[in-house]
file data05.cif (mmCIF, C-alpha atoms (C1' of nucleotides))
data_coords
loop_
_atom_site.label_atom_id
_atom_site.label_comp_id
_atom_site.auth_asym_id
_atom_site.auth_seq_id
_atom_site.Cartn_x
_atom_site.Cartn_y
_atom_site.Cartn_z
CA MET A 1 123.47 94.37 81.00
CA LYS A 2 121.34 93.00 83.80
CA ILE A 3 118.83 95.24 85.51
CA ALA A 4 116.70 94.30 88.49
CA THR A 5 114.09 95.59 90.91
CA TRP A 6 113.34 94.58 94.50
CA ASN A 7 111.00 95.94 97.14
CA VAL A 8 113.06 95.20 100.24
CA ASN A 9 110.54 96.35 102.92
CA SER A 10 113.13 98.18 105.03
CA LEU A 11 116.71 98.38 103.83
CA ASN A 12 117.77 98.63 107.45
CA VAL A 13 116.49 95.11 108.09
CA ARG A 14 117.24 93.72 104.64
CA LEU A 15 120.75 95.03 103.96
CA PRO A 16 122.33 91.61 104.62
CA HIS A 17 119.94 90.06 102.10
CA VAL A 18 120.70 92.72 99.51
CA LEU A 19 124.46 92.20 99.90
CA LYS A 20 124.12 88.43 99.77
CA TRP A 21 121.86 88.60 96.73
CA LEU A 22 124.24 90.95 94.89
CA GLU A 23 127.10 88.51 95.51
CA GLU A 24 125.07 85.77 93.87
CA HIS A 25 123.55 88.05 91.22
CA PRO A 26 126.02 90.84 90.41
CA VAL A 27 123.52 92.76 88.29
CA ASP A 28 124.57 96.04 86.73
CA VAL A 29 121.60 97.94 88.09
CA LEU A 30 119.38 97.24 91.10
CA CYS A 31 116.38 99.41 91.89
CA LEU A 32 115.15 99.24 95.48
CA GLN A 33 111.81 100.28 96.94
CA GLU A 34 110.57 100.74 100.48
CA THR A 35 113.99 101.51 101.90
CA LYS A 36 112.18 103.24 104.80
CA LEU A 37 115.32 105.22 105.67
CA THR A 38 116.08 108.90 105.80
CA ASP A 39 119.08 109.77 103.66
CA ASP A 40 121.34 110.33 106.68
CA LYS A 41 120.75 106.70 107.69
CA PHE A 42 121.30 105.19 104.24
CA PRO A 43 123.92 102.37 104.30
CA LEU A 44 126.00 103.97 101.56
CA ALA A 45 129.42 102.65 102.60
CA ALA A 46 128.31 99.00 102.66
CA LEU A 47 126.82 99.23 99.17
CA GLU A 48 129.81 101.11 97.78
CA ALA A 49 132.08 98.45 99.26
CA ALA A 50 130.04 95.91 97.29
CA GLY A 51 131.03 97.73 94.11
CA TYR A 52 128.04 99.95 93.50
CA GLN A 53 127.42 103.62 93.00
CA VAL A 54 124.20 104.62 94.68
CA ALA A 55 121.51 107.25 94.35
CA PHE A 56 118.84 107.34 97.01
CA SER A 57 115.83 109.32 98.08
CA GLY A 58 114.26 108.39 101.38
CA GLN A 59 112.04 109.46 104.20
CA LYS A 60 111.22 108.33 107.69
CA THR A 61 109.18 105.14 108.20
CA TYR A 62 107.61 104.87 104.74
CA ASN A 63 108.50 104.65 101.07
CA GLY A 64 112.03 105.48 99.89
CA VAL A 65 113.79 104.38 96.69
CA ALA A 66 117.37 103.78 95.60
CA ILE A 67 119.31 102.90 92.45
CA LEU A 68 122.49 100.83 92.73
CA SER A 69 124.72 100.82 89.66
CA LYS A 70 128.07 99.33 88.72
CA LEU A 71 128.42 101.96 86.01
CA PRO A 72 128.37 105.75 86.34
CA MET A 73 125.00 107.43 86.79
CA THR A 74 124.13 110.80 85.32
CA ASP A 75 121.10 113.09 85.31
CA VAL A 76 119.72 111.79 88.58
CA VAL A 77 116.19 113.05 89.20
CA ARG A 78 114.17 112.67 92.39
CA ASN A 79 110.40 112.45 92.18
CA ASN A 80 108.09 113.43 89.36
CA PRO A 81 108.86 117.03 88.39
CA ARG A 82 105.24 117.36 87.26
CA TYR A 83 103.67 116.17 90.53
CA ASP A 84 104.17 117.67 93.95
CA ASP A 85 104.48 114.66 96.23
CA ALA A 86 105.88 114.59 99.75
CA GLN A 87 106.30 110.81 99.50
CA GLN A 88 109.64 109.61 98.12
CA ARG A 89 108.64 107.15 95.41
CA ILE A 90 110.60 107.91 92.23
CA LEU A 91 114.24 108.06 91.27
CA ALA A 92 115.65 108.24 87.75
CA ALA A 93 119.17 108.04 86.36
CA THR A 94 120.89 107.48 83.03
CA ILE A 95 123.24 104.48 83.01
CA ALA A 96 125.14 103.26 79.95
CA GLY A 97 122.76 105.07 77.65
CA VAL A 98 119.66 103.65 79.32
CA ARG A 99 117.25 105.87 81.22
CA ILE A 100 116.42 103.94 84.39
CA VAL A 101 113.32 104.86 86.37
CA CYS A 102 112.86 103.29 89.81
CA ALA A 103 109.27 103.58 91.02
CA TYR A 104 107.31 102.65 94.12
CA VAL A 105 103.69 103.04 93.09
CA PRO A 106 101.28 103.73 95.98
CA ASN A 107 99.58 100.71 97.46
CA GLY A 108 96.06 102.13 97.41
CA GLN A 109 94.95 100.31 100.57
CA ALA A 110 91.38 99.59 99.42
CA VAL A 111 89.16 100.60 96.52
CA GLY A 112 87.28 103.79 97.34
CA THR A 113 89.66 105.11 99.98
CA ASP A 114 91.63 108.34 99.85
CA LYS A 115 94.78 106.29 99.35
CA TYR A 116 93.21 104.61 96.33
CA ALA A 117 92.37 108.02 94.83
CA TYR A 118 95.96 109.09 95.48
CA LYS A 119 97.23 105.98 93.73
CA LEU A 120 95.21 106.72 90.59
CA ALA A 121 96.14 110.42 90.58
CA TRP A 122 99.79 109.50 91.12
CA LEU A 123 99.69 107.05 88.22
CA GLN A 124 98.11 109.63 85.92
CA ALA A 125 100.89 112.09 86.73
CA PHE A 126 103.45 109.31 86.33
CA GLU A 127 102.13 108.59 82.84
CA GLN A 128 102.35 112.28 81.89
CA TRP A 129 105.95 112.48 83.06
CA LEU A 130 106.96 109.17 81.44
CA ALA A 131 105.58 110.46 78.14
CA GLU A 132 108.21 113.19 78.33
CA GLU A 133 110.91 110.77 79.49
CA ILE A 134 110.39 108.32 76.64
CA ALA A 135 110.36 111.14 74.10
CA ALA A 136 113.69 112.42 75.43
CA ASN A 137 115.17 108.96 76.12
CA PRO A 138 114.20 106.25 73.63
CA ASN A 139 116.07 103.68 75.75
CA LEU A 140 113.71 103.75 78.74
CA ALA A 141 113.36 101.09 81.44
CA VAL A 142 110.81 101.59 84.21
CA LEU A 143 111.40 99.20 87.08
CA GLY A 144 109.60 98.90 90.35
CA ASP A 145 106.79 97.86 92.60
CA TYR A 146 103.68 98.83 90.63
CA ASN A 147 101.23 97.42 93.16
CA ILE A 148 99.14 96.25 90.18
CA ALA A 149 98.74 92.72 88.88
CA PRO A 150 98.36 93.23 85.11
CA ASP A 151 96.27 90.18 84.36
CA ASP A 152 94.37 87.37 86.06
CA ARG A 153 97.35 85.15 85.22
CA ASP A 154 99.24 87.24 87.73
CA VAL A 155 96.84 86.47 90.58
CA HIS A 156 96.76 83.21 92.56
CA ASP A 157 92.97 83.33 92.98
CA PRO A 158 91.37 85.76 90.52
CA ALA A 159 87.86 85.09 91.78
CA ALA A 160 88.77 85.97 95.35
CA TRP A 161 90.64 89.08 94.22
CA GLU A 162 88.12 90.34 91.66
CA GLY A 163 87.62 94.08 92.00
CA GLN A 164 90.03 94.38 94.91
CA VAL A 165 92.86 96.84 95.20
CA LEU A 166 95.94 95.74 93.18
CA VAL A 167 93.74 94.15 90.49
CA SER A 168 90.81 96.58 90.01
CA GLU A 169 89.94 97.78 86.52
CA PRO A 170 90.92 101.43 87.08
CA GLU A 171 94.34 100.33 88.28
CA ARG A 172 94.82 98.00 85.33
CA ALA A 173 93.67 100.79 83.01
CA ALA A 174 96.31 103.06 84.55
CA LEU A 175 98.97 100.42 83.95
CA ASN A 176 97.76 100.01 80.37
CA GLY A 177 98.13 103.76 80.01
CA LEU A 178 101.82 103.38 80.79
CA LEU A 179 102.13 100.54 78.29
CA ALA A 180 100.40 102.69 75.67
CA LEU A 181 103.33 105.11 75.84
CA GLY A 182 105.34 102.41 74.10
CA LEU A 183 106.41 100.26 77.03
CA THR A 184 106.23 96.48 77.33
CA ASP A 185 106.05 94.18 80.34
CA SER A 186 109.33 92.36 79.77
CA PHE A 187 108.19 89.34 81.78
CA ARG A 188 105.60 88.47 79.13
CA LEU A 189 108.09 88.59 76.27
CA PHE A 190 109.02 85.04 77.25
CA GLU A 191 107.47 81.71 78.10
CA GLN A 192 107.00 81.69 81.86
CA PRO A 193 106.00 79.12 84.44
CA GLU A 194 102.34 79.37 85.42
CA LYS A 195 101.61 81.04 88.74
CA THR A 196 104.78 83.08 88.82
CA PHE A 197 104.41 85.83 91.40
CA SER A 198 106.63 88.51 92.92
CA TRP A 199 104.85 89.15 96.23
CA TRP A 200 103.36 86.84 98.85
CA ASP A 201 101.57 87.89 102.02
CA TYR A 202 103.51 87.26 105.21
CA ARG A 203 100.29 85.90 106.70
CA MET A 204 98.36 82.74 105.92
CA LEU A 205 101.44 80.83 104.77
CA GLY A 206 101.18 82.86 101.58
CA PHE A 207 104.55 81.90 100.20
CA GLN A 208 104.40 78.25 101.19
CA LYS A 209 101.05 77.94 99.42
CA ASN A 210 102.20 80.19 96.55
CA LYS A 211 99.27 82.51 97.20
CA GLY A 212 100.85 85.51 95.56
CA LEU A 213 100.54 88.30 93.04
CA ARG A 214 102.87 89.51 90.30
CA ILE A 215 103.04 93.23 91.03
CA ASP A 216 106.73 94.03 90.47
CA HIS A 217 107.56 94.76 86.86
CA ILE A 218 110.24 95.85 84.42
CA LEU A 219 108.72 97.83 81.56
CA LEU A 220 110.90 98.43 78.51
CA SER A 221 110.69 100.77 75.53
CA ALA A 222 110.87 99.25 72.04
CA PRO A 223 114.65 99.58 71.53
CA LEU A 224 115.19 97.78 74.84
CA VAL A 225 112.60 95.11 74.03
CA ALA A 226 114.73 94.35 70.98
CA ARG A 227 117.70 93.85 73.30
CA CYS A 228 115.87 91.89 76.00
CA GLU A 229 116.99 88.26 76.31
CA ALA A 230 115.29 87.20 79.53
CA CYS A 231 113.11 88.30 82.41
CA VAL A 232 112.74 86.20 85.54
CA VAL A 233 111.52 86.40 89.11
CA ASP A 234 114.04 85.09 91.63
CA ARG A 235 112.00 83.42 94.36
CA ALA A 236 115.06 82.34 96.32
CA PRO A 237 115.42 85.30 98.71
CA ARG A 238 111.78 84.90 99.76
CA LYS A 239 112.89 81.63 101.39
CA TRP A 240 115.69 83.23 103.37
CA GLU A 241 115.34 83.94 107.05
CA GLN A 242 113.37 87.13 107.79
CA PRO A 243 112.68 87.91 104.13
CA SER A 244 111.06 90.79 102.33
CA ASP A 245 107.55 89.91 101.19
CA HIS A 246 108.67 90.72 97.62
CA ALA A 247 111.10 88.84 95.37
CA PRO A 248 113.54 90.46 92.92
CA VAL A 249 112.78 90.62 89.19
CA ILE A 250 115.70 90.59 86.74
CA ALA A 251 115.83 91.49 83.05
CA THR A 252 118.80 90.72 80.81
CA LEU A 253 119.60 93.16 77.99
CA ALA A 254 122.05 92.41 75.21
"C1'" DA B 1 85.40 79.76 108.58
"C1'" DT B 2 88.76 82.93 110.01
"C1'" DG B 3 93.09 84.53 110.51
"C1'" DG B 4 97.51 83.40 111.24
"C1'" DC B 5 102.99 88.61 109.58
"C1'" DT B 6 106.40 92.32 109.54
"C1'" DT B 7 108.03 96.97 110.26
"C1'" DT B 8 108.03 101.40 112.42
"C1'" DT B 9 107.35 104.40 116.16
"C1'" DA B 10 107.78 104.47 120.67
"C1'" DA B 11 106.91 102.67 125.00
"C1'" DA B 12 101.46 100.01 124.47
"C1'" DA B 13 99.21 99.69 120.91
"C1'" DA B 14 98.40 101.20 116.20
"C1'" DA B 15 99.10 102.11 111.40
"C1'" DA B 16 100.46 100.46 107.08
"C1'" DG B 17 101.62 97.32 103.79
"C1'" DA B 18 99.40 94.33 99.77
#

call {"tool": "encode", "arguments": {"input": "data05.cif", "output": "structure tokens"}}
result
Amino acid sequence: MKIATWNVNSLNVRLPHVLKWLEEHPVDVLCLQETKLTDDKFPLAALEAAGYQVAFSGQKTYNGVAILSKLPMTDVVRNNPRYDDAQQRILAATIAGVRIVCAYVPNGQAVGTDKYAYKLAWLQAFEQWLAEEIAANPNLAVLGDYNIAPDDRDVHDPAAWEGQVLVSEPERAALNGLLALGLTDSFRLFEQPEKTFSWWDYRMLGFQKNKGLRIDHILLSAPLVARCEACVVDRAPRKWEQPSDHAPVIATLA
DNA sequence: ATGGCTTTTAAAAAAAGA
């Protein structure tokens, strides 16, 4: 079973890339973030024609998440039932005995802003809800754009980024809180190339210079860690014409 | 040395992303 996550930065613009990528990488599950589409505008027919069942939860202009699955989905949940949030950032479904959570963690904008406070509050509520999810579903996979680089290894220039949003200590502590529930960053289960990132700024030739961050993650509970055979970032779509600023991350489960 | 883009909304800038 292959599961993947990709922040597409507008599914309206990126649908051709998603379809092309799925042809090359027919994963069983693909979690999308930043669809930026209301549900009435969701390109359901095109994704179904590609062989996927789809759950989606969107809004105008911002945010929006979707889960694409080759296998039936049950118990679909939108948003965190424990946190009243107008922003559409969470979708969960059970697929082949695995509880899949697709998450688009708030960006936070800058340390000290209201958006940063929202990010930390959101993450605290996320942790509380995931504690219930993992208790009810031992096979738990939490995929998405976390907007947090876990470690300085995940930052192209740690000195320049020190203390900034996406790497600040409170954000990393919040991520560690999720891990403390019994989740593991599947990427670090394996030997990885140095300076592997999942996001590169559109500006400043970020991708060409590999000035990126690893902020998209697949966290797995212990039973899924035992089944995990690989986790990779696929940089290829970042080279395509008019790309998302994020690259997909794929985990392989036995 | 700095900033250099992309998307949306909406009709020219401005916000937001990360």

call {"tool": "residues_around", "arguments": {"input": "data05.cif", "residues": "Phe190 in chain A", "least_positions_apart": "6", "cutoff": "10 Å", "atoms": "only C-alpha atoms (C1' of nucleotides)", "output": "list of chain:residue names"}}
result
A:Cys228, A:Glu229, A:Ala230, A:Cys231, A:Val232

call {"tool": "atom_distance", "arguments": {"input": "data05.cif", "atom1": "CA of Leu11 in chain A", "atom2": "CA of Ala254 in chain A"}}
result
29.7 Å

call {"tool": "interface_residues", "arguments": {"input": "data05.cif", "of": "chain B", "to": "chain A", "cutoff": "10 Å", "atoms": "all atoms listed in the file", "output": "list in words"}}
result
DG3, DG4, DC5, DT6, DT7, DT8, DT9, DA16, DG17 and DA18 of chain B

call {"tool": "residues_around", "arguments": {"input": "data05.cif", "residues": "Val18 in chain A", "least_positions_apart": "3", "cutoff": "12 Å", "atoms": "all atoms listed in the file", "output": "PyMOL selection string"}}
result
chain A and resi 4-15+21-27+30-33+35+43+46-47+50+52+68+237-238+240+243-244+247-248

call {"tool": "resolve_selection", "arguments": {"input": "data05.cif", "expression": "the PyMOL selection byres ((chain A and resi 96) around 12)", "output": "PyMOL selection string"}}
result
chain A and resi 1-3+28-29+69-75+93-95+97-100+139-140+253

call {"tool": "write_last_selection", "arguments": {"input": "data05.cif", "atoms": "C-alpha atoms", "output": "mmCIF file, keeping the file's coordinate frame"}}
result
data_model
loop_
_atom_site.group_PDB
_atom_site.id
_atom_site.type_symbol
_atom_site.label_atom_id
_atom_site.label_comp_id
_atom_site.auth_asym_id
_atom_site.auth_seq_id
_atom_site.Cartn_x
_atom_site.Cartn_y
_atom_site.Cartn_z
ATOM 1 C CA MET A 1 123.470 94.370 81.000
ATOM 2 C CA LYS A 2 121.340 93.000 83.800
ATOM 3 C CA ILE A 3 118.830 95.240 85.510
ATOM 4 C CA ASP A 28 124.570 96.040 86.730
ATOM 5 C CA VAL A 29 121.600 97.940 88.090
ATOM 6 C CA SER A 69 124.720 100.820 89.660
ATOM 7 C CA LYS A 70 128.070 99.330 88.720
ATOM 8 C CA LEU A 71 128.420 101.960 86.010
ATOM 9 C CA PRO A 72 128.370 105.750 86.340
ATOM 10 C CA MET A 73 125.000 107.430 86.790
ATOM 11 C CA THR A 74 124.130 110.800 85.320
ATOM 12 C CA ASP A 75 121.100 113.090 85.310
ATOM 13 C CA ALA A 93 119.170 108.040 86.360
ATOM 14 C CA THR A 94 120.890 107.480 83.030
ATOM 15 C CA ILE A 95 123.240 104.480 83.010
ATOM 16 C CA GLY A 97 122.760 105.070 77.650
ATOM 17 C CA VAL A 98 119.660 103.650 79.320
ATOM 18 C CA ARG A 99 117.250 105.870 81.220
ATOM 19 C CA ILE A 100 116.420 103.940 84.390
ATOM 20 C CA ASN A 139 116.070 103.680 75.750
ATOM 21 C CA LEU A 140 113.710 103.750 78.740
ATOM 22 C CA LEU A 253 119.600 93.160 77.990
#

call {"tool": "atom_distance", "arguments": {"input": "data05.cif", "atom1": "CA of Trp122 in chain A", "atom2": "CA of Ala55 in chain A"}}
result
22.1 Å

call {"tool": "atom_distance", "arguments": {"input": "data05.cif", "atom1": "CA of Arg78 in chain A", "atom2": "CA of Asp234 in chain A"}}
result
27.6 Å

call {"tool": "residues_around", "arguments": {"input": "data05.cif", "residues": "Thr184 in chain A", "least_positions_apart": "3", "cutoff": "9 Å", "atoms": "only C-alpha atoms (C1' of nucleotides)", "output": "PyMOL selection string"}}
result
chain A and resi 178-180+187-189+218-222+225

call {"tool": "residues_around", "arguments": {"input": "data05.cif", "residues": "Leu175 in chain A", "least_positions_apart": "5", "cutoff": "9 Å", "atoms": "all atoms listed in the file", "output": "count of residues only"}}
result
7

call {"tool": "closest_residue", "arguments": {"input": "data05.cif", "among": "A:Gln124, A:Gln164, A:Ser198, A:Gln208", "to": "Asn176 in chain A", "atoms": "only C-alpha atoms"}}
result
A:Gln124

call {"tool": "resolve_selection", "arguments": {"input": "data05.cif", "expression": "the PyMOL selection byres ((chain A and resi 89) around 9)", "output": "mmCIF file with C-alpha atoms, keeping the file's coordinate frame"}}
result
data_model
loop_
_atom_site.group_PDB
_atom_site.id
_atom_site.type_symbol
_atom_site.label_atom_id
_atom_site.label_comp_id
_atom_site.auth_asym_id
_atom_site.auth_seq_id
_atom_site.Cartn_x
_atom_site.Cartn_y
_atom_site.Cartn_z
ATOM 1 C CA GLN A 33 111.810 100.280 96.940
ATOM 2 C CA GLU A 34 110.570 100.740 100.480
ATOM 3 C CA SER A 57 115.830 109.320 98.080
ATOM 4 C CA GLY A 58 114.260 108.390 101.380
ATOM 5 C CA ASN A 63 108.500 104.650 101.070
ATOM 6 C CA GLY A 64 112.030 105.480 99.890
ATOM 7 C CA VAL A 65 113.790 104.380 96.690
ATOM 8 C CA ARG A 78 114.170 112.670 92.390
ATOM 9 C CA ASN A 79 110.400 112.450 92.180
ATOM 10 C CA ASN A 80 108.090 113.430 89.360
ATOM 11 C CA ASP A 85 104.480 114.660 96.230
ATOM 12 C CA GLN A 87 106.300 110.810 99.500
ATOM 13 C CA GLN A 88 109.640 109.610 98.120
ATOM 14 C CA ILE A 90 110.600 107.910 92.230
ATOM 15 C CA LEU A 91 114.240 108.060 91.270
ATOM 16 C CA CYS A 102 112.860 103.290 89.810
ATOM 17 C CA ALA A 103 109.270 103.580 91.020
ATOM 18 C CA TYR A 104 107.310 102.650 94.120
ATOM 19 C CA VAL A 105 103.690 103.040 93.090
ATOM 20 C CA PRO A 106 101.280 103.730 95.980
#

call {"tool": "decode", "arguments": {"input": "data05.cif", "residues": "range 73-96 of chain A", "atoms": "C-alpha atoms", "output": "mmCIF file, in the first residue's frame"}}
result
data_model
loop_
_atom_site.group_PDB
_atom_site.id
_atom_site.type_symbol
_atom_site.label_atom_id
_atom_site.label_comp_id
_atom_site.auth_asym_id
_atom_site.auth_seq_id
_atom_site.Cartn_x
_atom_site.Cartn_y
_atom_site.Cartn_z
ATOM 1 C CA MET A 73 -13.329 4.888 2.232
ATOM 2 C CA THR A 74 -15.426 4.723 5.369
ATOM 3 C CA ASP A 75 -16.001 6.917 8.405
ATOM 4 C CA VAL A 76 -15.101 10.144 6.633
ATOM 5 C CA VAL A 77 -14.733 13.027 9.079
ATOM 6 C CA ARG A 78 -14.314 16.691 8.214
ATOM 7 C CA ASN A 79 -12.364 18.929 10.559
ATOM 8 C CA ASN A 80 -11.420 18.389 14.177
ATOM 9 C CA PRO A 81 -14.589 17.573 16.119
ATOM 10 C CA ARG A 82 -12.944 19.087 19.195
ATOM 11 C CA TYR A 83 -12.055 22.435 17.600
ATOM 12 C CA ASP A 84 -14.438 24.873 15.994
ATOM 13 C CA ASP A 85 -12.598 26.060 12.903
ATOM 14 C CA ALA A 86 -14.081 27.818 9.896
ATOM 15 C CA GLN A 87 -10.977 26.926 7.867
ATOM 16 C CA GLN A 88 -11.115 23.596 6.018
ATOM 17 C CA ARG A 89 -7.867 21.907 7.003
ATOM 18 C CA ILE A 90 -8.589 18.328 8.096
ATOM 19 C CA LEU A 91 -10.130 15.278 6.501
ATOM 20 C CA ALA A 92 -10.018 11.720 7.840
ATOM 21 C CA ALA A 93 -11.089 8.378 6.397
ATOM 22 C CA THR A 94 -10.535 4.689 7.048
ATOM 23 C CA ILE A 95 -9.040 2.826 4.083
ATOM 24 C CA ALA A 96 -8.078 -0.853 4.122
#
